[in-house]
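Novice: My structure file my_file33.cif, mmCIF, C-alpha atoms, is below:
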data_final
#
loop_
_atom_site.label_atom_id
_atom_site.label_comp_id
_atom_site.auth_asym_id
_atom_site.auth_seq_id
_atom_site.Cartn_x
_atom_site.Cartn_y
_atom_site.Cartn_z
CA MET A 725 0.00 0.00 0.00
CA PHE A 726 1.03 3.56 -0.57
CA PHE A 727 1.07 4.60 3.06
CA GLU A 728 2.85 1.56 4.32
CA GLY A 729 6.51 1.95 5.13
CA THR A 730 9.11 -0.69 5.72
CA LEU A 731 12.04 -0.56 8.04
CA ALA A 732 14.81 1.28 6.23
CA TRP A 733 18.45 1.75 7.10
CA SER A 734 17.72 5.40 7.83
CA ASP A 735 15.35 4.33 10.61
CA ILE A 736 18.08 2.34 12.29
CA LEU A 737 20.38 5.34 11.96
CA PHE A 738 17.67 7.50 13.52
CA LEU A 739 17.45 5.09 16.46
CA LEU A 740 21.23 5.09 16.84
CA ARG A 741 21.21 8.88 16.87
CA GLY A 742 18.73 8.61 19.75
CA ALA A 743 21.11 6.22 21.46
CA VAL A 744 23.90 8.81 21.14
CA VAL A 745 21.66 11.36 22.93
CA THR A 746 20.98 8.78 25.63
CA ILE A 747 24.72 8.19 26.08
CA ALA A 748 25.51 11.93 26.09
CA ILE A 749 22.95 12.67 28.80
CA THR A 750 24.16 9.64 30.78
CA LEU A 751 27.80 10.81 30.64
CA ALA A 752 26.90 14.35 31.69
CA ALA A 753 24.65 13.19 34.54
CA VAL A 754 27.08 10.57 35.81
CA GLY A 755 29.90 13.12 35.62
CA ILE A 756 27.99 15.67 37.69
CA GLY A 757 26.79 12.94 40.03
CA THR A 758 30.24 11.49 40.62
CA LEU A 759 31.81 14.90 41.27
CA PHE A 760 29.24 16.00 43.82
CA GLY A 761 28.69 12.49 45.11
CA THR A 762 32.37 12.15 45.99
CA LEU A 763 32.35 15.56 47.67
CA PHE A 764 29.21 14.91 49.71
CA GLY A 765 30.25 11.31 50.37
CA LEU A 766 33.53 12.44 51.91
CA ILE A 767 31.67 14.99 54.01
CA ARG A 768 29.07 12.38 55.04
CA ALA A 769 31.81 9.93 56.03
CA GLY A 770 34.03 12.36 57.90
CA ALA A 771 32.18 15.37 59.20
CA ALA A 772 30.34 15.79 62.50
CA TRP A 773 26.78 14.47 62.68
CA TRP A 774 25.23 17.93 62.54
CA VAL A 775 26.83 18.48 59.13
CA SER A 776 26.52 14.95 57.86
CA SER A 777 22.92 14.13 58.73
CA PRO A 778 21.26 17.23 57.16
CA ILE A 779 23.11 16.48 53.90
CA GLY A 780 22.02 12.87 54.12
CA TRP A 781 18.44 13.90 54.79
CA VAL A 782 18.27 16.30 51.84
CA LEU A 783 19.87 13.82 49.43
CA ASP A 784 17.51 11.10 50.64
CA ILE A 785 14.58 13.18 49.33
CA PHE A 786 15.90 12.77 45.79
CA ARG A 787 15.94 9.02 46.25
CA SER A 788 12.40 8.89 47.65
CA VAL A 789 10.58 10.91 44.98
CA PRO A 790 9.96 9.52 41.48
CA LEU A 791 12.47 10.82 38.97
CA LEU A 792 9.66 11.71 36.58
CA ILE A 793 8.23 14.15 39.13
CA GLN A 794 11.67 15.62 39.81
CA LEU A 795 12.07 16.21 36.08
CA VAL A 796 8.69 17.95 35.81
CA ILE A 797 9.46 20.14 38.83
CA PHE A 798 12.94 21.05 37.54
CA ASN A 799 11.45 21.79 34.17
CA SER A 800 8.79 24.04 35.71
CA PHE A 801 11.55 26.19 37.26
CA ASN A 802 12.43 27.07 33.71
CA SER A 803 9.17 28.89 33.15
CA MET A 804 8.77 30.07 36.75
CA PHE A 805 12.07 31.92 36.94
CA ARG A 806 12.29 32.60 33.18
CA LEU A 807 15.63 30.82 32.95
CA ASN A 808 15.20 29.76 29.32
CA TRP A 809 17.56 26.86 29.80
CA PRO A 810 17.50 24.24 27.06
CA THR A 811 15.68 21.06 28.10
CA TYR A 812 18.95 19.15 27.69
CA VAL A 813 20.51 21.22 30.48
CA VAL A 814 17.46 20.67 32.68
CA ALA A 815 17.64 16.91 32.05
CA CYS A 816 21.38 16.71 32.73
CA ILE A 817 21.17 18.75 35.95
CA CYS A 818 18.14 16.86 37.23
CA LEU A 819 19.64 13.45 36.51
CA GLY A 820 22.98 14.73 37.81
CA VAL A 821 21.48 15.69 41.17
CA TYR A 822 19.73 12.32 41.33
CA ALA A 823 23.01 10.56 40.52
CA ALA A 824 24.81 12.63 43.16
CA ALA A 825 22.26 11.52 45.76
CA LEU A 826 22.90 7.86 44.88
CA CYS A 827 26.67 8.31 44.53
CA THR A 828 27.01 9.99 47.94
CA GLU A 829 25.88 6.82 49.70
CA ILE A 830 28.19 4.69 47.55
CA VAL A 831 31.21 6.88 48.34
CA ARG A 832 30.25 7.02 52.01
CA SER A 833 30.09 3.23 52.27
CA GLY A 834 33.42 2.96 50.43
CA VAL A 835 35.16 5.41 52.75
CA ALA A 836 33.64 3.69 55.76
CA ALA A 837 35.08 0.39 54.50
CA VAL A 838 38.64 1.75 54.62
CA PRO A 839 40.05 0.64 57.99
CA THR A 840 40.40 3.53 60.45
CA THR A 841 43.79 2.16 61.47
CA THR A 842 45.09 2.57 57.90
CA ARG A 843 43.92 6.16 57.81
CA ARG A 844 45.44 6.89 61.22
CA ALA A 845 48.71 5.28 60.19
CA ALA A 846 48.83 7.55 57.13
CA ARG A 847 48.19 10.59 59.27
CA SER A 848 50.80 9.63 61.81
CA LEU A 849 53.33 9.20 59.01
CA GLY A 850 52.94 12.90 58.43
CA LEU A 851 50.42 13.10 55.59
CA ASN A 852 47.89 15.87 55.99
CA TRP A 853 44.15 15.29 55.58
CA ARG A 854 44.08 16.11 51.87
CA GLN A 855 47.10 13.94 51.08
CA GLU A 856 45.72 11.09 53.12
CA VAL A 857 42.33 11.25 51.35
CA VAL A 858 43.83 11.52 47.86
CA SER A 859 46.53 8.89 48.14
CA ILE A 860 45.22 6.44 50.76
CA THR A 861 41.45 6.55 51.27
CA LEU A 862 40.21 7.24 47.74
CA PRO A 863 42.34 4.56 45.99
CA ILE A 864 41.24 1.88 48.46
CA ALA A 865 37.62 3.06 48.49
CA THR A 866 37.51 3.22 44.69
CA ARG A 867 38.43 -0.44 44.46
CA ILE A 868 35.70 -1.34 46.93
CA VAL A 869 32.88 0.66 45.38
CA PHE A 870 33.75 0.57 41.67
CA PRO A 871 31.25 -2.26 40.93
CA SER A 872 28.43 -0.36 42.66
CA TRP A 873 29.45 2.76 40.76
CA ILE A 874 29.07 0.85 37.49
CA GLY A 875 25.63 -0.21 38.67
CA LEU A 876 24.81 3.44 39.36
CA ALA A 877 25.98 4.55 35.92
CA LEU A 878 23.88 1.86 34.22
CA GLY A 879 20.89 2.78 36.38
CA ILE A 880 21.22 6.40 35.26
CA MET A 881 21.49 5.23 31.64
CA LYS A 882 18.19 3.41 32.01
CA ASP A 883 16.60 6.36 33.80
CA THR A 884 17.42 8.70 30.91
CA SER A 885 14.45 7.14 29.13
CA LEU A 886 12.25 9.32 31.35
CA VAL A 887 13.50 12.57 29.80
CA LEU A 888 11.23 11.92 26.82
CA TRP A 889 8.48 13.30 29.04
CA ILE A 890 10.01 16.79 28.96
CA GLY A 891 10.46 16.61 25.20
CA ILE A 892 13.94 15.28 24.53
CA ILE A 893 14.28 12.86 21.65
CA GLU A 894 16.44 10.10 23.07
CA LEU A 895 16.46 6.41 22.18
CA LEU A 896 13.01 5.45 23.46
CA ARG A 897 11.34 8.57 22.02
CA SER A 898 12.99 8.05 18.65
CA SER A 899 11.65 4.51 18.63
CA GLN A 900 8.16 5.96 18.98
CA ILE A 901 8.79 8.41 16.15
CA VAL A 902 9.91 5.58 13.88
CA THR A 903 6.86 3.58 14.97
CA THR A 904 4.48 6.32 13.85
CA ARG A 905 5.90 5.93 10.35
CA ILE A 906 6.23 2.17 10.09
CA GLN A 907 3.33 1.10 12.33
CA GLU A 908 5.13 -1.94 13.67
CA PRO A 909 5.61 -1.19 17.36
CA LEU A 910 6.78 -4.66 18.32
CA THR A 911 9.63 -4.79 15.78
CA ILE A 912 10.85 -1.28 16.53
CA LEU A 913 10.59 -1.78 20.29
CA ALA A 914 12.49 -5.05 20.00
CA ILE A 915 15.31 -3.30 18.13
CA THR A 916 15.30 -0.52 20.74
CA GLY A 917 15.48 -3.12 23.48
CA VAL A 918 18.45 -4.76 21.80
CA ILE A 919 20.25 -1.39 21.60
CA TYR A 920 19.61 -0.73 25.30
CA PHE A 921 20.71 -4.25 26.14
CA LEU A 922 23.94 -3.90 24.15
CA MET A 923 24.70 -0.62 25.90
CA SER A 924 24.09 -2.04 29.35
CA PHE A 925 24.83 -5.75 29.45
CA PRO A 926 28.58 -5.81 28.56
CA ILE A 927 29.32 -3.13 31.14
CA ALA A 928 27.21 -4.92 33.75
CA ARG A 929 29.15 -8.12 33.05
CA LEU A 930 32.44 -6.24 33.37
CA GLY A 931 31.28 -4.86 36.71
CA ALA A 932 30.32 -8.30 37.97
CA ARG A 933 33.69 -9.72 36.89
CA LEU A 934 35.66 -6.94 38.53
CA GLU A 935 33.63 -7.41 41.70
CA LYS A 936 34.53 -11.09 41.79
CA ARG A 937 38.18 -10.56 40.92
CA TRP A 938 38.75 -7.79 43.43
CA GLN A 939 36.98 -9.68 46.19
CA ILE A 940 39.53 -12.48 46.24
CA GLN A 941 42.58 -10.30 46.67
CA MET B 1181 10.66 36.58 40.50
CA SER B 1182 7.37 37.43 38.91
CA TYR B 1183 5.73 34.09 39.66
CA THR B 1184 2.86 33.93 42.13
CA PHE B 1185 2.24 30.65 43.86
CA GLN B 1186 -1.36 29.53 44.02
CA TRP B 1187 -1.91 26.72 46.44
CA ARG B 1188 -5.70 26.87 46.74
CA PRO B 1189 -6.48 24.69 43.68
CA VAL B 1190 -4.00 22.14 45.00
CA LEU B 1191 -5.55 22.06 48.45
CA GLU B 1192 -9.01 21.75 46.94
CA SER B 1193 -8.00 18.73 44.91
CA LEU B 1194 -5.98 17.09 47.66
CA PRO B 1195 -8.68 14.40 48.23
CA ASP B 1196 -8.40 13.39 44.55
CA MET B 1197 -4.64 13.16 44.87
CA LEU B 1198 -4.93 11.05 48.00
CA ALA B 1199 -7.30 8.72 46.13
CA GLY B 1200 -4.59 8.53 43.46
CA ALA B 1201 -2.04 7.67 46.13
CA VAL B 1202 -4.22 4.70 47.13
CA VAL B 1203 -4.19 3.46 43.51
CA THR B 1204 -0.41 3.94 43.41
CA LEU B 1205 0.01 1.84 46.55
CA GLU B 1206 -2.37 -0.78 45.18
CA ILE B 1207 -0.40 -1.18 41.93
CA ALA B 1208 2.94 -1.18 43.72
CA THR B 1209 1.80 -3.81 46.23
CA LEU B 1210 0.24 -6.06 43.60
CA ALA B 1211 3.35 -5.80 41.39
CA MET B 1212 5.54 -6.59 44.37
CA ALA B 1213 3.45 -9.59 45.48
CA ILE B 1214 3.20 -11.17 42.02
CA GLY B 1215 6.81 -10.19 41.31
CA THR B 1216 8.00 -11.98 44.45
CA VAL B 1217 6.25 -15.21 43.51
CA LEU B 1218 7.63 -15.04 39.96
CA ALA B 1219 11.08 -14.18 41.28
CA VAL B 1220 11.16 -17.26 43.50
CA LEU B 1221 10.19 -19.38 40.49
CA LEU B 1222 12.83 -17.68 38.34
CA ALA B 1223 15.52 -18.15 40.96
CA LEU B 1224 14.57 -21.82 41.34
CA ALA B 1225 14.53 -22.28 37.54
CA LYS B 1226 17.94 -20.72 37.22
CA ARG B 1227 19.31 -22.81 40.08
CA SER B 1228 17.90 -26.21 39.41
CA GLY B 1229 15.91 -26.09 36.19
CA GLY B 1230 16.95 -27.78 32.97
CA LYS B 1231 18.86 -26.03 30.23
CA THR B 1232 15.78 -24.55 28.53
CA LEU B 1233 14.18 -23.45 31.79
CA SER B 1234 17.26 -21.80 33.21
CA GLY B 1235 17.97 -20.19 29.83
CA LEU B 1236 14.49 -18.68 29.75
CA ALA B 1237 14.93 -17.45 33.32
CA SER B 1238 18.25 -15.85 32.36
CA VAL B 1239 16.66 -14.06 29.40
CA TRP B 1240 13.90 -12.71 31.67
CA ILE B 1241 16.31 -11.60 34.39
CA GLU B 1242 18.84 -9.98 32.07
CA THR B 1243 16.16 -8.20 30.03
CA ALA B 1244 14.54 -6.85 33.17
CA ARG B 1245 17.85 -5.65 34.55
CA ASN B 1246 19.41 -4.26 31.38
CA THR B 1247 16.58 -2.28 29.79
CA PRO B 1248 14.70 0.70 31.23
CA ALA B 1249 11.49 0.04 33.17
CA LEU B 1250 9.71 2.46 30.86
CA PHE B 1251 10.81 0.39 27.88
CA GLN B 1252 9.33 -2.70 29.53
CA ILE B 1253 6.05 -0.90 30.11
CA TYR B 1254 6.05 0.28 26.46
CA MET B 1255 6.68 -3.29 25.38
CA VAL B 1256 3.54 -4.42 27.21
CA TYR B 1257 1.40 -1.45 26.21
CA PHE B 1258 2.41 -0.84 22.58
CA GLY B 1259 4.18 -4.12 21.79
CA LEU B 1260 1.49 -6.52 22.98
CA GLY B 1261 -1.16 -4.09 21.71
CA SER B 1262 0.16 -4.43 18.18
CA ILE B 1263 -0.21 -8.20 18.11
CA GLY B 1264 -3.82 -7.98 19.16
CA VAL B 1265 -3.52 -8.29 22.92
CA GLY B 1266 -5.12 -5.00 23.90
CA ILE B 1267 -4.20 -4.10 27.44
CA ASP B 1268 -5.36 -0.94 29.16
CA SER B 1269 -2.76 1.28 30.77
CA TYR B 1270 -3.48 0.11 34.33
CA TYR B 1271 -2.65 -3.50 33.53
CA ALA B 1272 0.19 -2.49 31.21
CA LEU B 1273 1.80 -0.62 34.09
CA LEU B 1274 1.12 -3.46 36.50
CA LEU B 1275 2.57 -6.07 34.14
CA GLY B 1276 5.58 -3.91 33.30
CA ILE B 1277 6.50 -3.28 36.93
CA THR B 1278 5.85 -6.91 37.83
CA PHE B 1279 8.22 -8.05 35.08
CA ASN B 1280 10.85 -5.61 36.32
CA ASN B 1281 10.42 -6.51 40.00
CA ALA B 1282 10.61 -10.23 39.24
CA GLY B 1283 13.90 -9.79 37.37
CA TYR B 1284 15.58 -7.79 40.11
CA LEU B 1285 14.19 -9.89 42.96
CA ALA B 1286 15.22 -13.15 41.27
CA GLU B 1287 18.82 -12.00 41.47
CA THR B 1288 18.31 -11.10 45.14
CA PHE B 1289 16.77 -14.48 45.90
CA ARG B 1290 19.59 -16.30 44.14
CA GLY B 1291 21.91 -14.67 46.65
CA GLY B 1292 19.42 -15.50 49.42
CA PHE B 1293 19.34 -19.20 48.52
CA SER B 1294 23.10 -19.44 48.83
CA ALA B 1295 22.87 -17.75 52.24
CA VAL B 1296 21.49 -21.06 53.59
CA PRO B 1297 24.17 -23.77 53.51
CA GLU B 1298 23.26 -27.05 51.82
CA THR B 1299 24.39 -28.91 54.93
CA GLN B 1300 21.53 -27.42 56.94
CA VAL B 1301 19.01 -28.75 54.44
CA ARG B 1302 20.55 -32.21 54.67
CA ALA B 1303 20.63 -32.01 58.46
CA ALA B 1304 16.94 -31.10 58.52
CA ARG B 1305 16.08 -33.90 56.12
CA SER B 1306 18.03 -36.44 58.15
CA LEU B 1307 16.15 -35.33 61.27
CA GLY B 1308 13.00 -36.51 59.53
CA MET B 1309 11.59 -33.30 58.05
CA GLY B 1310 9.89 -33.45 54.66
CA ALA B 1311 11.04 -31.30 51.74
CA ALA B 1312 8.23 -28.77 52.30
CA GLN B 1313 8.86 -28.69 56.05
CA THR B 1314 12.55 -28.07 55.46
CA ILE B 1315 11.85 -25.16 53.17
CA TRP B 1316 9.23 -23.69 55.48
CA HIS B 1317 11.05 -24.06 58.81
CA ILE B 1318 14.73 -23.96 57.87
CA VAL B 1319 15.39 -22.33 54.50
CA LEU B 1320 12.72 -19.62 54.25
CA PRO B 1321 13.25 -17.93 57.65
CA GLN B 1322 16.97 -17.57 57.08
CA MET B 1323 16.50 -16.56 53.47
CA LEU B 1324 13.95 -13.92 54.41
CA ARG B 1325 16.44 -12.47 56.82
CA ALA B 1326 19.06 -12.23 54.08
CA VAL B 1327 16.80 -10.67 51.45
CA PHE B 1328 14.48 -8.54 53.59
CA HIS B 1329 16.44 -5.32 53.17
CA ALA B 1330 16.73 -5.72 49.40
CA MET B 1331 13.00 -6.46 49.18
CA THR B 1332 12.19 -3.31 51.12
CA ASN B 1333 14.27 -1.30 48.65
CA GLN B 1334 12.56 -3.00 45.73
CA MET B 1335 9.14 -2.09 47.14
CA VAL B 1336 10.21 1.57 47.32
CA TRP B 1337 11.42 1.33 43.70
CA SER B 1338 8.10 -0.27 42.85
CA ILE B 1339 6.19 2.67 44.39
CA LEU B 1340 8.35 5.17 42.51
CA MET B 1341 8.04 3.22 39.25
CA THR B 1342 4.24 3.48 39.26
CA SER B 1343 4.71 7.14 38.31
CA LEU B 1344 5.61 5.92 34.81
CA GLY B 1345 1.98 4.93 34.26
CA THR B 1346 1.08 8.45 33.24
CA ILE B 1347 3.37 8.16 30.19
CA VAL B 1348 1.19 5.34 28.85
CA GLY B 1349 -1.96 7.27 29.68
CA LEU B 1350 -2.92 6.09 33.16
CA THR B 1351 -4.96 8.78 34.89
CA SER B 1352 -5.96 7.14 38.15
CA ASP B 1353 -2.66 6.84 40.05
CA LEU B 1354 -1.03 9.72 41.94
CA THR B 1355 1.06 10.99 39.03
CA GLY B 1356 -1.83 10.47 36.61
CA VAL B 1357 -4.24 12.46 38.79
CA THR B 1358 -1.61 15.16 39.24
CA GLN B 1359 -1.00 15.36 35.52
CA GLN B 1360 -4.75 15.64 34.82
CA LEU B 1361 -5.04 18.49 37.32
CA ASN B 1362 -1.93 20.11 35.83
CA VAL B 1363 -3.40 20.02 32.35
CA MET B 1364 -6.61 21.64 33.64
CA THR B 1365 -4.99 24.39 35.71
CA TYR B 1366 -1.40 24.84 34.47
CA ARG B 1367 -0.22 25.04 38.08
CA THR B 1368 2.60 22.62 37.29
CA PHE B 1369 4.97 23.40 40.13
CA GLU B 1370 2.36 23.50 42.89
CA PHE B 1371 0.68 20.24 41.90
CA PHE B 1372 3.84 18.27 41.31
CA PHE B 1373 5.43 19.64 44.46
CA VAL B 1374 2.54 18.30 46.52
CA ALA B 1375 2.72 15.01 44.61
CA ALA B 1376 6.43 14.81 45.41
CA CYS B 1377 5.65 15.37 49.11
CA LEU B 1378 3.04 12.60 49.01
CA TYR B 1379 5.46 10.17 47.33
CA TYR B 1380 8.10 11.07 49.91
CA LEU B 1381 5.65 10.44 52.75
CA ILE B 1382 4.49 7.12 51.26
CA SER B 1383 8.00 5.78 50.78
CA LYS B 1384 9.19 7.00 54.20
CA ILE B 1385 6.19 5.56 56.03
CA PHE B 1386 6.73 2.26 54.23
CA THR B 1387 10.46 2.23 55.06
CA ILE B 1388 9.80 2.97 58.73
CA CYS B 1389 7.12 0.26 58.96
CA ALA B 1390 9.46 -2.24 57.30
CA ARG B 1391 12.23 -1.35 59.72
CA LEU B 1392 9.94 -1.82 62.73
CA PHE B 1393 8.70 -5.09 61.28
CA ALA B 1394 12.26 -6.31 60.71
CA TRP B 1395 13.17 -5.34 64.25
CA ARG B 1396 10.27 -7.40 65.62
CA LEU B 1397 10.89 -10.30 63.27
CA PHE B 1398 14.64 -10.74 63.29
CA ARG B 1399 15.69 -10.32 66.91
CA TYR B 1400 16.98 -13.29 68.70
#
Can I see the file as structure tokens?
Specialist:
Amino acid sequence: MFFEGTLAWSDILFLLRGAVVTIAITLAAVGIGTLFGTLFGLIRAGAAWWVSSPIGWVLDIFRSVPLLIQLVIFNSFNSMFRLNWPTYVVACICLGVYAAALCTEIVRSGVAAVPTTTRRAARSLGLNWRQEVVSITLPIATRIVFPSWIGLALGIMKDTSLVLWIGIIELLRSSQIVTTRIQEPLTILAITGVIYFLMSFPIARLGARLEKRWQIQ
Amino acid sequence: MSYTFQWRPVLESLPDMLAGAVVTLEIATLAMAIGTVLAVLLALAKRSGGKTLSGLASVWIETARNTPALFQIYMVYFGLGSIGVGIDSYYALLLGITFNNAGYLAETFRGGFSAVPETQVRAARSLGMGAAQTIWHIVLPQMLRAVFHAMTNQMVWSILMTSLGTIVGLTSDLTGVTQQLNVMTYRTFEFFFVAACLYYLISKIFTICARLFAWRLFRY
């Protein structure tokens, strides 16, 4: 029939372009999240309770409210304060804050897993706090929490699918656009699923392997 | 800032939003209950099923864990819809979350199974317990202890995931009701802020209850 389309190579390219957007947002959000997560995690692990627990409480809010609602609220700031930020920026910041909230707890648990005696030994050898954190605590903690950090990054990658709600054309949204042309939702969704799977599964496997290998030593 | 907050329409429709919260809890609980049963079956299939069975379980678990939850819901809503299985958005959401929960919980339970040493099972059997008795009195209590925390987290995820229903057109859960009200009034921030507070309250109340329950259940 005249109106019927078949899956063309350009459709696959369109989907892959969506996947690139998904990856770009993931990288930005995980970058922001890791930076602030490390900062807050170190504070949470080391500071007095009256500094640590308010930070923990505020970050916990981001983990207890659906991401979709956070996105809508962040996006509404745009019109409320007349910021005129592009939706990409809104998505990256919102996902970044969410990632930071998750990453803080990961970093905190990693720092807490470094033996206090090791840290004290470093300090008594004359390292100051910054030196001790950079060259003793963080290297050990990184090894401990790296698998969970991979899990976090993959979780954020999957959560980027929600940004379609505020109008960004990422992988899942582009699959819908292709579907409106070809009218074969199942095929297109299956291809989309395979793309997501290929982006996530190898890294998840790598994380699991590293976890196992680093546990033995 | 030239924006004026208007909270009155939100307060007036608070009963509707609370009714939505009940639907949210209902979907989350159902998805969790069915998901748990399926997860036990998946974990058992992966542990002791034949090649086909454990392969199928692996496909389920890896798909659930390596694709977005929203994709899974789309797959049920649009994917199954296109092959003639028309499912309304409530059941699409329920099925999608159940599929996701089952995949994640199966992995948890696999860890939980190995938390109970095989020797204990053999000891129980040699003391004269039947297979069912062994599972009920020896394996399950210890397993529950090992997986309880992860299950609590999954339930919170389950509650938060129900918000995705609105993307496939569900209007009766908390996010759906909020979105309907938002479309009618354009008070986006106010409505979604209150919805966020409600979600926060729901997940906190659940977490506290679970902690109290665990404290009662697991002390000895």
Novice: Near region 764-780 of chain A, within 10 Å and counting all atoms listed in the file, which residues show up once chain neighbours fewer than 4 positions away are dropped, as a count of residues only?
Specialist: 21
Novice: Just the residues within 10 Å of Leu1273 (chain B), please, counting all atoms listed in the file, with nothing from its chain fewer than 6 positions along; format it as an mmCIF file with C-alpha atoms, in the coordinates of the input.
Specialist:
data_model
loop_
_atom_site.group_PDB
_atom_site.id
_atom_site.type_symbol
_atom_site.label_atom_id
_atom_site.label_comp_id
_atom_site.auth_asym_id
_atom_site.auth_seq_id
_atom_site.Cartn_x
_atom_site.Cartn_y
_atom_site.Cartn_z
ATOM 1 C CA ILE B 1207 -0.400 -1.180 41.930
ATOM 2 C CA ALA B 1208 2.940 -1.180 43.720
ATOM 3 C CA ALA B 1211 3.350 -5.800 41.390
ATOM 4 C CA ALA B 1249 11.490 0.040 33.170
ATOM 5 C CA LEU B 1250 9.710 2.460 30.860
ATOM 6 C CA GLN B 1252 9.330 -2.700 29.530
ATOM 7 C CA ILE B 1253 6.050 -0.900 30.110
ATOM 8 C CA TYR B 1254 6.050 0.280 26.460
ATOM 9 C CA VAL B 1256 3.540 -4.420 27.210
ATOM 10 C CA TYR B 1257 1.400 -1.450 26.210
ATOM 11 C CA ILE B 1267 -4.200 -4.100 27.440
ATOM 12 C CA PHE B 1279 8.220 -8.050 35.080
ATOM 13 C CA MET B 1341 8.040 3.220 39.250
ATOM 14 C CA THR B 1342 4.240 3.480 39.260
ATOM 15 C CA SER B 1343 4.710 7.140 38.310
ATOM 16 C CA LEU B 1344 5.610 5.920 34.810
ATOM 17 C CA GLY B 1345 1.980 4.930 34.260
ATOM 18 C CA THR B 1346 1.080 8.450 33.240
ATOM 19 C CA ILE B 1347 3.370 8.160 30.190
ATOM 20 C CA VAL B 1348 1.190 5.340 28.850
ATOM 21 C CA GLY B 1349 -1.960 7.270 29.680
ATOM 22 C CA LEU B 1350 -2.920 6.090 33.160
#
Novice: Please check the contacts: residues of chain B at most 7 Å away from chain A, using only C-alpha atoms, listed as a PyMOL selection string.
Specialist: chain B and resi 1181+1183+1246-1248+1250+1255+1258-1259+1262+1340-1341+1343+1368-1369+1372-1373+1376+1379-1380+1383
Novice: Quick one: residues within 8 Å of Ala815 (chain A), only C-alpha atoms, excluding same-chain residues fewer than 2 positions away - as a ChimeraX atom specification?
Specialist: /A:749,795,811-813,817-819,887
Novice: Run through the PyMOL selection byres ((chain B and resi 1387) around 12) on the given coordinates and return the selected residues as a count of residues only.
Specialist: 26
Novice: Can you tell me, as a PyMOL selection string, what residues are no more than 10 Å from region 842-848 of chain A when counting all atoms listed in the file, ignoring any on the same chain fewer than 3 positions away?
Specialist: chain A and resi 838-839+851-853+855-857+859-861
Novice: Could you tell me how far CA of Ala1199 (chain B) sits from CA of Thr1358 (chain B), in Å to one decimal place?
Specialist: 11.0 Å
Novice: Env of region 1213-1227 of chain B: 6 Å cut, atoms = only C-alpha atoms, seq-sep filter 5 positions within chain, self excluded. Answer as a ChimeraX atom specification.
Specialist: /B:1233-1234,1237,1278,1281-1282,1285-1286,1290
Novice: Hey, can you check how far CA of Val1319 (chain B) sits from CA of Val1296 (chain B)?
Specialist: 6.3 Å
Novice: CA of Pro871 (chain A) and CA of Leu934 (chain A) are how many Å apart?
Specialist: 6.9 Å
Novice: If I wrap all listed atoms of region 779-783 of chain A in a box with edges along x, y and z and add 4 Å on each side, what are its centre and edge lengths in Å to one decimal, as lines of an AutoDock Vina configuration file?
Specialist:
center_x = 20.7
center_y = 14.7
center_z = 52.1
size_x = 12.8
size_y = 11.6
size_z = 13.4
Novice: I'd like to know which of B:Thr1204, B:Gln1186, B:Leu1397, B:Leu1194 is closest to Tyr1270 (chain B), using all atoms listed in the file.
Specialist: B:Thr1204
